[in-house]
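Next up, input_31.cif (mmCIF, C-alpha atoms and all ligand atoms):
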data_entry
loop_
_atom_site.label_atom_id
_atom_site.label_comp_id
_atom_site.auth_asym_id
_atom_site.auth_seq_id
_atom_site.Cartn_x
_atom_site.Cartn_y
_atom_site.Cartn_z
CA MET A 1 48.60 6.93 35.52
CA THR A 2 47.10 3.84 33.88
CA LYS A 3 48.52 0.34 34.36
CA ILE A 4 49.50 0.04 30.72
CA GLN A 5 51.44 3.32 30.54
CA PRO A 6 54.53 2.17 32.48
CA LEU A 7 54.43 -1.13 30.59
CA LEU A 8 54.37 0.69 27.26
CA GLN A 9 57.31 2.83 28.35
CA GLN A 10 59.30 -0.23 29.35
CA ARG A 11 58.44 -1.98 26.07
CA TYR A 12 60.19 0.84 24.20
CA GLY A 13 62.78 1.61 26.88
CA ASN A 14 61.59 5.06 27.95
CA ALA A 15 58.83 7.60 27.52
CA GLN A 16 60.62 9.45 24.72
CA ALA A 17 60.78 6.29 22.61
CA LEU A 18 56.98 5.94 22.70
CA PRO A 19 55.02 6.96 19.61
CA ASP A 20 53.69 10.54 20.04
CA VAL A 21 50.09 9.33 20.02
CA LEU A 22 50.76 7.22 23.11
CA GLN A 23 52.43 10.14 24.88
CA ASP A 24 49.64 12.61 24.12
CA THR A 25 46.46 10.56 24.53
CA ASP A 26 44.49 9.54 27.61
CA LEU A 27 44.81 5.74 27.67
CA SER A 28 42.59 5.05 30.67
CA LYS A 29 39.92 3.38 28.51
CA LEU A 30 42.54 0.91 27.26
CA ASP A 31 43.57 -0.29 30.68
CA ASN A 32 42.54 -3.94 30.84
CA LEU A 33 43.92 -7.27 32.01
CA VAL A 34 44.52 -8.69 28.53
CA LEU A 35 46.70 -5.72 27.57
CA THR A 36 48.61 -5.69 30.87
CA THR A 37 49.27 -9.43 30.48
CA LEU A 38 50.46 -9.01 26.88
CA LEU A 39 52.53 -5.90 27.51
CA SER A 40 54.26 -7.36 30.56
CA HIS A 41 55.56 -10.40 28.65
CA ALA A 42 59.10 -11.50 29.40
CA SER A 43 60.65 -14.94 28.88
CA LEU A 44 61.22 -16.97 32.04
CA ARG A 45 64.41 -19.05 32.24
CA HIS A 46 64.49 -20.00 35.94
CA PHE A 47 61.75 -22.36 37.01
CA SER A 48 60.76 -23.74 40.39
CA ASP A 49 60.05 -27.47 40.68
CA ARG A 50 56.37 -26.83 41.45
CA ALA A 51 54.32 -29.23 39.31
CA ILE A 52 51.68 -28.08 36.87
CA GLY A 53 48.26 -29.55 37.70
CA ALA A 54 46.53 -31.69 35.08
CA GLU A 55 43.62 -29.22 34.97
CA ILE A 56 46.03 -26.32 34.36
CA LEU A 57 47.66 -28.19 31.47
CA SER A 58 44.27 -28.97 30.02
CA VAL A 59 43.05 -25.35 30.26
CA LEU A 60 46.32 -24.15 28.69
CA ILE A 61 45.83 -26.57 25.80
CA ALA A 62 42.24 -25.37 25.36
CA ALA A 63 43.58 -21.79 25.18
CA ALA A 64 46.09 -22.95 22.55
CA GLN A 65 43.33 -24.64 20.55
CA SER A 66 41.29 -21.45 20.74
CA ALA A 67 43.70 -19.70 18.39
CA SER A 68 42.65 -19.25 14.79
CA THR A 69 43.72 -22.05 12.50
CA SER A 70 44.05 -21.94 8.74
CA SER A 71 40.80 -23.29 7.17
CA ASN A 72 40.15 -25.08 10.48
CA LEU A 73 42.74 -27.66 9.35
CA GLN A 74 44.22 -27.66 12.89
CA ALA A 75 47.45 -28.77 11.29
CA TRP A 76 49.48 -28.98 14.50
CA SER A 77 50.07 -31.26 17.47
CA VAL A 78 51.98 -30.71 20.67
CA ILE A 79 53.96 -33.23 22.70
CA ALA A 80 53.94 -32.58 26.48
CA VAL A 81 57.17 -33.85 28.02
CA GLN A 82 57.25 -34.07 31.84
CA ASP A 83 59.48 -37.06 32.51
CA PRO A 84 62.83 -35.74 33.90
CA ALA A 85 64.99 -38.20 31.93
CA HIS A 86 63.11 -37.40 28.73
CA LYS A 87 63.50 -33.64 29.35
CA ALA A 88 67.22 -34.12 30.06
CA LYS A 89 67.68 -35.83 26.70
CA LEU A 90 65.79 -33.04 24.93
CA SER A 91 67.87 -30.42 26.74
CA GLU A 92 71.02 -32.13 25.47
CA LEU A 93 69.71 -32.00 21.91
CA ALA A 94 68.62 -28.36 22.27
CA ALA A 95 71.94 -26.66 23.06
CA HIS A 96 72.06 -28.07 26.61
CA GLN A 97 69.77 -25.32 27.86
CA ALA A 98 69.35 -25.98 31.58
CA PHE A 99 65.86 -24.49 31.87
CA ILE A 100 64.48 -27.38 29.76
CA ARG A 101 65.45 -29.76 32.56
CA GLU A 102 64.30 -27.32 35.24
CA ALA A 103 60.83 -26.58 33.87
CA PRO A 104 58.20 -29.12 34.91
CA LEU A 105 56.73 -29.06 31.41
CA PHE A 106 58.43 -28.94 28.03
CA LEU A 107 56.13 -28.65 25.05
CA ILE A 108 57.25 -29.58 21.56
CA TRP A 109 55.09 -27.91 18.91
CA THR A 110 54.81 -29.72 15.61
CA ILE A 111 53.37 -29.30 12.16
CA ASP A 112 51.03 -32.28 11.82
CA LEU A 113 50.30 -33.42 8.28
CA HIS A 114 50.07 -37.01 9.47
CA ARG A 115 46.56 -36.40 10.79
CA SER A 116 45.51 -34.60 7.59
CA THR A 117 46.79 -37.57 5.57
CA GLU A 118 44.80 -40.01 7.70
CA VAL A 119 41.67 -37.89 7.40
CA ILE A 120 42.05 -37.74 3.62
CA GLU A 121 42.55 -41.51 3.47
CA LEU A 122 39.28 -41.94 5.36
CA ALA A 123 37.53 -39.41 3.12
CA GLN A 124 38.71 -41.10 -0.05
CA PRO A 125 40.59 -44.37 0.40
CA ASN A 126 41.29 -44.71 -3.32
CA GLY A 127 43.54 -41.93 -4.48
CA GLY A 128 42.58 -39.15 -2.04
CA VAL A 129 46.15 -38.64 -0.89
CA GLU A 130 47.49 -38.45 -4.48
CA GLN A 131 44.85 -35.84 -5.23
CA ALA A 132 45.79 -33.74 -2.19
CA LEU A 133 48.67 -31.86 -3.81
CA GLY A 134 48.68 -29.38 -0.94
CA LEU A 135 49.91 -32.02 1.51
CA GLU A 136 53.43 -31.78 0.21
CA SER A 137 53.71 -28.07 -0.44
CA VAL A 138 55.55 -25.05 0.90
CA ASP A 139 52.12 -23.77 1.92
CA SER A 140 51.62 -26.82 4.18
CA LEU A 141 54.88 -25.96 5.87
CA LEU A 142 53.65 -22.40 6.42
CA ILE A 143 50.13 -23.42 7.48
CA GLY A 144 51.45 -25.87 10.10
CA THR A 145 54.10 -23.47 11.37
CA ILE A 146 51.73 -20.51 11.60
CA ASP A 147 49.02 -22.61 13.29
CA ALA A 148 51.53 -23.99 15.82
CA ALA A 149 52.95 -20.52 16.56
CA LEU A 150 49.52 -18.97 17.10
CA ALA A 151 48.52 -21.83 19.41
CA ALA A 152 51.77 -21.62 21.39
CA GLN A 153 51.48 -17.86 21.81
CA ASN A 154 47.90 -18.24 23.06
CA LEU A 155 49.21 -20.75 25.58
CA THR A 156 52.03 -18.39 26.56
CA VAL A 157 49.61 -15.56 27.33
CA ALA A 158 47.20 -17.89 29.17
CA ALA A 159 50.12 -19.27 31.19
CA ARG A 160 51.21 -15.79 32.26
CA SER A 161 47.67 -14.94 33.30
CA LEU A 162 47.85 -17.93 35.70
CA GLY A 163 51.22 -16.95 37.18
CA LEU A 164 53.24 -19.34 35.00
CA GLY A 165 56.12 -18.33 32.76
CA THR A 166 57.40 -19.68 29.46
CA VAL A 167 60.35 -19.52 27.12
CA TYR A 168 60.39 -20.62 23.50
CA VAL A 169 63.12 -22.97 22.34
CA GLY A 170 64.15 -22.73 18.70
CA ALA A 171 67.27 -24.74 19.52
CA ILE A 172 65.30 -27.99 19.09
CA ARG A 173 65.92 -27.39 15.38
CA ASN A 174 69.69 -27.85 15.96
CA ASN A 175 69.11 -31.62 16.04
CA LEU A 176 65.74 -32.08 14.42
CA GLN A 177 66.25 -35.64 13.23
CA ASP A 178 67.32 -36.90 16.67
CA ILE A 179 64.38 -35.12 18.29
CA THR A 180 62.01 -36.60 15.71
CA ALA A 181 63.31 -40.09 16.54
CA LEU A 182 63.22 -39.51 20.30
CA LEU A 183 59.58 -38.40 20.18
CA LYS A 184 58.65 -41.24 17.78
CA LEU A 185 57.09 -38.77 15.36
CA PRO A 186 55.40 -40.44 12.39
CA GLN A 187 55.77 -39.28 8.78
CA GLY A 188 54.20 -35.85 8.31
CA VAL A 189 54.92 -34.65 11.85
CA ILE A 190 57.69 -32.07 12.08
CA PRO A 191 58.76 -30.30 15.28
CA VAL A 192 59.19 -26.56 14.82
CA PHE A 193 59.94 -25.17 18.29
CA GLY A 194 59.76 -26.02 21.97
CA LEU A 195 58.25 -24.12 24.89
CA ALA A 196 59.38 -24.57 28.48
CA VAL A 197 56.55 -23.85 30.92
CA GLY A 198 56.51 -23.58 34.71
CA TYR A 199 56.21 -21.51 37.84
CA PRO A 200 58.96 -18.96 38.53
CA GLN A 201 61.54 -19.56 41.27
CA ASP A 202 60.46 -16.33 42.96
CA HIS A 203 58.36 -14.11 40.73
CA LEU A 204 57.67 -13.74 37.02
CA PRO A 205 60.29 -11.59 35.29
CA GLN A 206 59.45 -7.92 35.66
CA ALA A 207 62.15 -6.58 33.35
CA ILE A 208 60.61 -6.04 29.95
CA LYS A 209 62.99 -6.34 27.02
CA PRO A 210 62.64 -3.22 24.87
CA ARG A 211 61.65 -3.59 21.23
CA LEU A 212 62.42 -1.48 18.17
CA PRO A 213 60.48 1.80 17.93
CA GLN A 214 57.13 1.44 16.21
CA GLN A 215 57.95 3.80 13.35
CA ILE A 216 60.57 1.30 12.17
CA ILE A 217 58.35 -1.76 12.05
CA LEU A 218 54.95 -0.20 11.25
CA HIS A 219 54.43 0.81 7.62
CA HIS A 220 51.30 2.55 6.41
CA GLU A 221 49.79 1.43 3.11
CA VAL A 222 53.11 0.46 1.51
CA TYR A 223 56.53 -0.47 2.83
CA GLN A 224 58.37 2.73 3.67
CA LYS A 225 62.01 2.03 3.01
CA GLU A 226 62.98 5.41 4.42
CA ASN A 227 61.80 4.12 7.82
CA THR A 228 64.44 1.41 7.78
CA LEU A 229 66.70 1.54 10.78
CA ASP A 230 69.36 4.19 10.16
CA GLU A 231 72.59 4.46 12.13
CA THR A 232 71.16 7.05 14.55
CA ALA A 233 67.99 5.07 15.27
CA LEU A 234 70.04 1.88 15.59
CA SER A 235 72.41 3.48 18.10
CA ARG A 236 69.48 4.87 20.07
CA TYR A 237 67.88 1.41 20.28
CA GLU A 238 71.22 -0.14 21.22
CA GLU A 239 71.62 2.35 24.05
CA ILE A 240 68.18 1.38 25.37
CA LEU A 241 69.02 -2.34 25.13
CA HIS A 242 72.40 -1.70 26.76
CA GLN A 243 70.65 -0.15 29.75
CA PHE A 244 68.22 -3.09 29.92
CA GLN A 245 71.07 -5.62 29.79
CA GLY A 246 72.90 -3.76 32.59
CA GLN A 247 69.70 -3.71 34.65
CA VAL A 248 69.20 -7.50 34.39
CA GLY A 249 72.90 -8.38 34.63
CA GLN A 250 73.28 -9.62 31.05
CA VAL A 251 76.35 -9.26 28.85
CA GLN A 252 76.11 -5.80 27.29
CA ASP A 253 76.64 -6.58 23.62
CA ARG A 254 75.52 -4.49 20.68
CA TRP A 255 72.29 -5.55 18.95
CA ARG A 256 73.93 -5.26 15.53
CA ASP A 257 76.63 -7.74 16.60
CA LYS A 258 73.99 -10.08 18.03
CA VAL A 259 72.05 -10.05 14.76
CA LEU A 260 75.22 -10.81 12.80
CA GLN A 261 76.29 -13.53 15.22
CA ARG A 262 72.84 -15.18 15.24
CA LEU A 263 72.60 -15.23 11.47
CA SER A 264 76.20 -16.38 10.95
CA ALA A 265 75.83 -19.75 12.66
CA LEU A 266 73.21 -22.31 11.74
CA ASN A 267 74.19 -24.75 14.51
CA GLY A 268 72.84 -27.81 12.74
CA ARG A 269 69.88 -26.04 11.17
CA GLU A 270 71.55 -26.34 7.76
CA ARG A 271 70.22 -29.92 7.92
CA LEU A 272 66.58 -28.84 8.26
CA ALA A 273 65.64 -29.51 4.63
CA GLU A 274 67.01 -33.05 5.04
CA ALA A 275 64.97 -33.50 8.24
CA PHE A 276 61.81 -32.19 6.56
CA ASN A 277 62.36 -34.51 3.60
CA GLN A 278 62.76 -37.45 5.92
CA GLN A 279 59.39 -36.63 7.49
CA GLY A 280 57.78 -36.57 4.04
CA LEU A 281 57.64 -32.80 3.51
CA ASN A 282 59.85 -32.82 0.48
CA VAL A 283 59.53 -29.18 -0.54
CA PHE A 284 63.09 -27.96 -0.75
CA THR A 285 64.50 -30.32 -3.35
CA GLU A 286 63.69 -31.05 -6.97
CA LYS A 287 61.48 -34.11 -7.31
C1 LIG A 301 60.69 -19.22 18.00
C2 LIG A 301 61.54 -18.75 19.16
C3 LIG A 301 62.64 -19.49 19.54
C4 LIG A 301 63.39 -19.13 20.66
N1 LIG A 301 64.43 -19.92 21.08
C5 LIG A 301 65.07 -19.65 22.23
C6 LIG A 301 66.05 -20.55 22.74
O1 LIG A 301 66.37 -21.59 22.16
N2 LIG A 301 66.66 -20.21 23.92
C7 LIG A 301 66.33 -19.08 24.62
O2 LIG A 301 66.91 -18.86 25.71
N3 LIG A 301 65.39 -18.22 24.16
C8 LIG A 301 64.75 -18.48 23.00
N4 LIG A 301 63.77 -17.63 22.54
C9 LIG A 301 63.37 -16.45 23.35
C10 LIG A 301 63.88 -15.15 22.75
O3 LIG A 301 65.27 -15.05 22.95
C11 LIG A 301 63.14 -14.00 23.44
O4 LIG A 301 61.77 -14.10 23.18
C12 LIG A 301 63.66 -12.64 22.93
O5 LIG A 301 65.00 -12.44 23.31
C13 LIG A 301 62.83 -11.50 23.50
O6 LIG A 301 62.85 -11.55 24.92
P1 LIG A 301 61.51 -11.65 25.77
O7 LIG A 301 60.74 -12.88 25.30
O8 LIG A 301 61.94 -11.80 27.21
O9 LIG A 301 60.75 -10.40 25.53
C14 LIG A 301 63.04 -17.95 21.39
C15 LIG A 301 61.95 -17.19 20.97
C16 LIG A 301 61.20 -17.58 19.87
C17 LIG A 301 60.01 -16.75 19.47
#
What would the structure in this file look like if it were written as structure tokens?
Amino acid sequence: MTKIQPLLQQRYGNAQALPDVLQDTDLSKLDNLVLTTLLSHASLRHFSDRAIGAEILSVLIAAAQSASTSSNLQAWSVIAVQDPAHKAKLSELAAHQAFIREAPLFLIWTIDLHRSTEVIELAQPNGGVEQALGLESVDSLLIGTIDAALAAQNLTVAARSLGLGTVYVGAIRNNLQDITALLKLPQGVIPVFGLAVGYPQDHLPQAIKPRLPQQIILHHEVYQKENTLDETALSRYEEILHQFQGQVGQVQDRWRDKVLQRLSALNGRERLAEAFNQQGLNVFTEK
């Protein structure tokens, strides 16, 4: 048995939920540390108070910066928050999630068009910014968000490889304007998500949250609508999640209800366009 086989089974809930090719093929050549680290991912929400060394933070940031970045624009910045009072304030603004206070490090990932604007001003002081139509575009929003997400995920994997855990925090978008003010973000800098980072209280989470079967999310050549989750496949996935939730002591709710619930409440995120506009990324309103 390879190391990745049990991890693959847990990722889909059980051996039967694995794609046939993974059940029938010898995977021993695929057994490596990168794959075991990736496949064993699970969010950590209980942190010890063990501090993160300055060299660890710096290596993690180098791993984040090693991610690909659109046209090498490097259109992101990250704010490392370690001060307990500062973290407590951020926790309050991000749905009062306790792990933000608990984790020794809370990272706020931002789209950074401020730096691009400064660079353009240096490149062409007279009119460069007016010429740079891309600065205030939907594509800038995507470029910055994609760059920040790739960097954060690199950091997440690097952190796990060093025995640290992480959890993403989308809830910072519930109060984006207050967070922007608290972090003194200049025009062009927009926070998109947070990431709590730290050592586990005992060990990194072992329980792997099962994902949808591959045949539902993987399309070959063109989108195959017939692969869309049908009632039977949905119920099968819900059964697998139900078992997982029981195993980790979570409320056993149905995934379909969770999806509805999550997409029925914006929790302050209906003000995001306003917050983006305020930061100078005026892409959602008529000019
Ligand atoms: C962008 C983003 C935002 C998230 N925001 C939160 C959050 O505010 N609170 C939280 O507890 N988990 C948050 N999560 C974690 C997800 O709930 C978690 O990744 C998902 O349930 C899958 O579980 P796993 O990471 O343990 O595999 C977020 C994840 C992502 C990618």
Can you build me a table of chain A residues sitting at most 8 Å from ligand LIG 301 (chain A), with the closest atom pair per residue and its distance in Å to one decimal, using all atoms listed in the file, sorted by chain and residue number, as JSON lines?
{"residue": "A:His41", "atom": "CA", "partner": "A:LIG301", "partner_atom": "O9", "distance": 6.1}
{"residue": "A:Ala42", "atom": "CA", "partner": "A:LIG301", "partner_atom": "O8", "distance": 3.6}
{"residue": "A:Ser43", "atom": "CA", "partner": "A:LIG301", "partner_atom": "O8", "distance": 3.8}
{"residue": "A:Leu44", "atom": "CA", "partner": "A:LIG301", "partner_atom": "O8", "distance": 7.1}
{"residue": "A:Arg45", "atom": "CA", "partner": "A:LIG301", "partner_atom": "O2", "distance": 7.0}
{"residue": "A:Ala94", "atom": "CA", "partner": "A:LIG301", "partner_atom": "O1", "distance": 7.1}
{"residue": "A:Ala95", "atom": "CA", "partner": "A:LIG301", "partner_atom": "O1", "distance": 7.6}
{"residue": "A:Gln97", "atom": "CA", "partner": "A:LIG301", "partner_atom": "N2", "distance": 7.2}
{"residue": "A:Ala149", "atom": "CA", "partner": "A:LIG301", "partner_atom": "C1", "distance": 8.0}
{"residue": "A:Val167", "atom": "CA", "partner": "A:LIG301", "partner_atom": "C9", "distance": 5.7}
{"residue": "A:Tyr168", "atom": "CA", "partner": "A:LIG301", "partner_atom": "C14", "distance": 4.3}
{"residue": "A:Val169", "atom": "CA", "partner": "A:LIG301", "partner_atom": "O1", "distance": 3.5}
{"residue": "A:Gly170", "atom": "CA", "partner": "A:LIG301", "partner_atom": "C3", "distance": 3.7}
{"residue": "A:Ala171", "atom": "CA", "partner": "A:LIG301", "partner_atom": "O1", "distance": 4.2}
{"residue": "A:Ile172", "atom": "CA", "partner": "A:LIG301", "partner_atom": "O1", "distance": 7.2}
{"residue": "A:Phe193", "atom": "CA", "partner": "A:LIG301", "partner_atom": "C1", "distance": 6.0}
{"residue": "A:Gly194", "atom": "CA", "partner": "A:LIG301", "partner_atom": "C3", "distance": 7.5}
{"residue": "A:Ile208", "atom": "CA", "partner": "A:LIG301", "partner_atom": "O9", "distance": 6.2}
{"residue": "A:Lys209", "atom": "CA", "partner": "A:LIG301", "partner_atom": "O9", "distance": 4.9}
{"residue": "A:Pro210", "atom": "CA", "partner": "A:LIG301", "partner_atom": "O9", "distance": 7.5}
Store the residues picked out above in a file with C-alpha atoms, as a JSON list (two decimals), in the frame of the given file.
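Written file, selection.json:
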[["chain", "number", "residue", "atom", "x", "y", "z"],
["A", 41, "HIS", "CA", 55.56, -10.40, 28.65],
["A", 42, "ALA", "CA", 59.10, -11.50, 29.40],
["A", 43, "SER", "CA", 60.65, -14.94, 28.88],
["A", 44, "LEU", "CA", 61.22, -16.97, 32.04],
["A", 45, "ARG", "CA", 64.41, -19.05, 32.24],
["A", 94, "ALA", "CA", 68.62, -28.36, 22.27],
["A", 95, "ALA", "CA", 71.94, -26.66, 23.06],
["A", 97, "GLN", "CA", 69.77, -25.32, 27.86],
["A", 149, "ALA", "CA", 52.95, -20.52, 16.56],
["A", 167, "VAL", "CA", 60.35, -19.52, 27.12],
["A", 168, "TYR", "CA", 60.39, -20.62, 23.50],
["A", 169, "VAL", "CA", 63.12, -22.97, 22.34],
["A", 170, "GLY", "CA", 64.15, -22.73, 18.70],
["A", 171, "ALA", "CA", 67.27, -24.74, 19.52],
["A", 172, "ILE", "CA", 65.30, -27.99, 19.09],
["A", 193, "PHE", "CA", 59.94, -25.17, 18.29],
["A", 194, "GLY", "CA", 59.76, -26.02, 21.97],
["A", 208, "ILE", "CA", 60.61, -6.04, 29.95],
["A", 209, "LYS", "CA", 62.99, -6.34, 27.02],
["A", 210, "PRO", "CA", 62.64, -3.22, 24.87]]
Residues near range 62-71 of chain A, cut-off 8 Å, all atoms listed in the file, skip fewer than 6 positions along chain, as a PDB file with C-alpha atoms, keeping the file's coordinate frame:
ATOM      1  CA  ILE A 143      50.130 -23.420   7.480  1.00  0.00           C
ATOM      2  CA  ASP A 147      49.020 -22.610  13.290  1.00  0.00           C
ATOM      3  CA  LEU A 150      49.520 -18.970  17.100  1.00  0.00           C
ATOM      4  CA  ALA A 151      48.520 -21.830  19.410  1.00  0.00           C
ATOM      5  CA  ALA A 152      51.770 -21.620  21.390  1.00  0.00           C
ATOM      6  CA  GLN A 153      51.480 -17.860  21.810  1.00  0.00           C
ATOM      7  CA  ASN A 154      47.900 -18.240  23.060  1.00  0.00           C
ATOM      8  CA  LEU A 155      49.210 -20.750  25.580  1.00  0.00           C
ATOM      9  CA  ALA A 158      47.200 -17.890  29.170  1.00  0.00           C
TER      10      ALA A 158
END
A:Gln279, A:Ser161, A:Ser137, A:Gln214 ranked by distance to Pro191 in chain A, top pick (using all atoms listed in the file) |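 Answer, going by the shortest atom-to-atom distance: A:Gln279.
Atom pair CA of Tyr223 in chain A / CA of Thr145 in chain A: separated by 24.7 Å.
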Which value, in Å to one decimal, gives the distance between CA of Asp49 in chain A and CA of Asp178 in chain A?
->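 Between CA of Asp49 in chain A and CA of Asp178 in chain A the gap works out to 26.8 Å.
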Shortest interatomic distance to Leu107 in chain A - which of A:Val138, A:Ile216, A:Ala275, A:Ala148, counting only C-alpha atoms |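 Closest to Leu107 in chain A of all the choices is A:Ala148.
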Considering only C-alpha atoms, state which residue in the set A:Leu38, A:Ile79, A:Ala103, A:Ala51 is at the smallest distance from Val189 in chain A.
-> A:Ile79
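Pairwise distance (CA of Ile61 in chain A, CA of Gln177 in chain A) equals 25.6 Å.
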Would you compute, for all listed atoms of range 142-150 of chain A, the axis-aligned bounding box grown by 4 Å on each side, and then report its centre and edge lengths in Å rounded to one decimal, as lines of an AutoDock Vina configuration file?
center_x = 51.6
center_y = -22.4
center_z = 11.8
size_x = 13.1
size_y = 14.9
size_z = 18.7
Can you list, as a PyMOL selection string, every protein, DNA or RNA residue that comes within 9 Å of Asn14 in chain A when you count only C-alpha atoms, leaving out same-chain residues fewer than 5 positions away?
-> chain A and resi 6+8-9+210+240
Would you kindly return, as a list in words, each protein, DNA or RNA residue with an atom no farther than 12 Å from any atom of range 119-129 of chain A, considering only C-alpha atoms and excluding same-chain residues fewer than 5 positions away?
->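 Listing them by chain and then by number gives Leu73, Gln74, Ala75, Asp112, Leu113, His114, Gly134, Leu135 and Glu136 of chain A.
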Nearest to Ala265 in chain A, chosen from A:Pro213, A:Lys184, A:Asn174, A:Gln250, with only C-alpha atoms counted in the distances |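 Of A:Pro213, A:Lys184, A:Asn174, A:Gln250, the one nearest Ala265 in chain A is A:Asn174, counting only C-alpha atoms.
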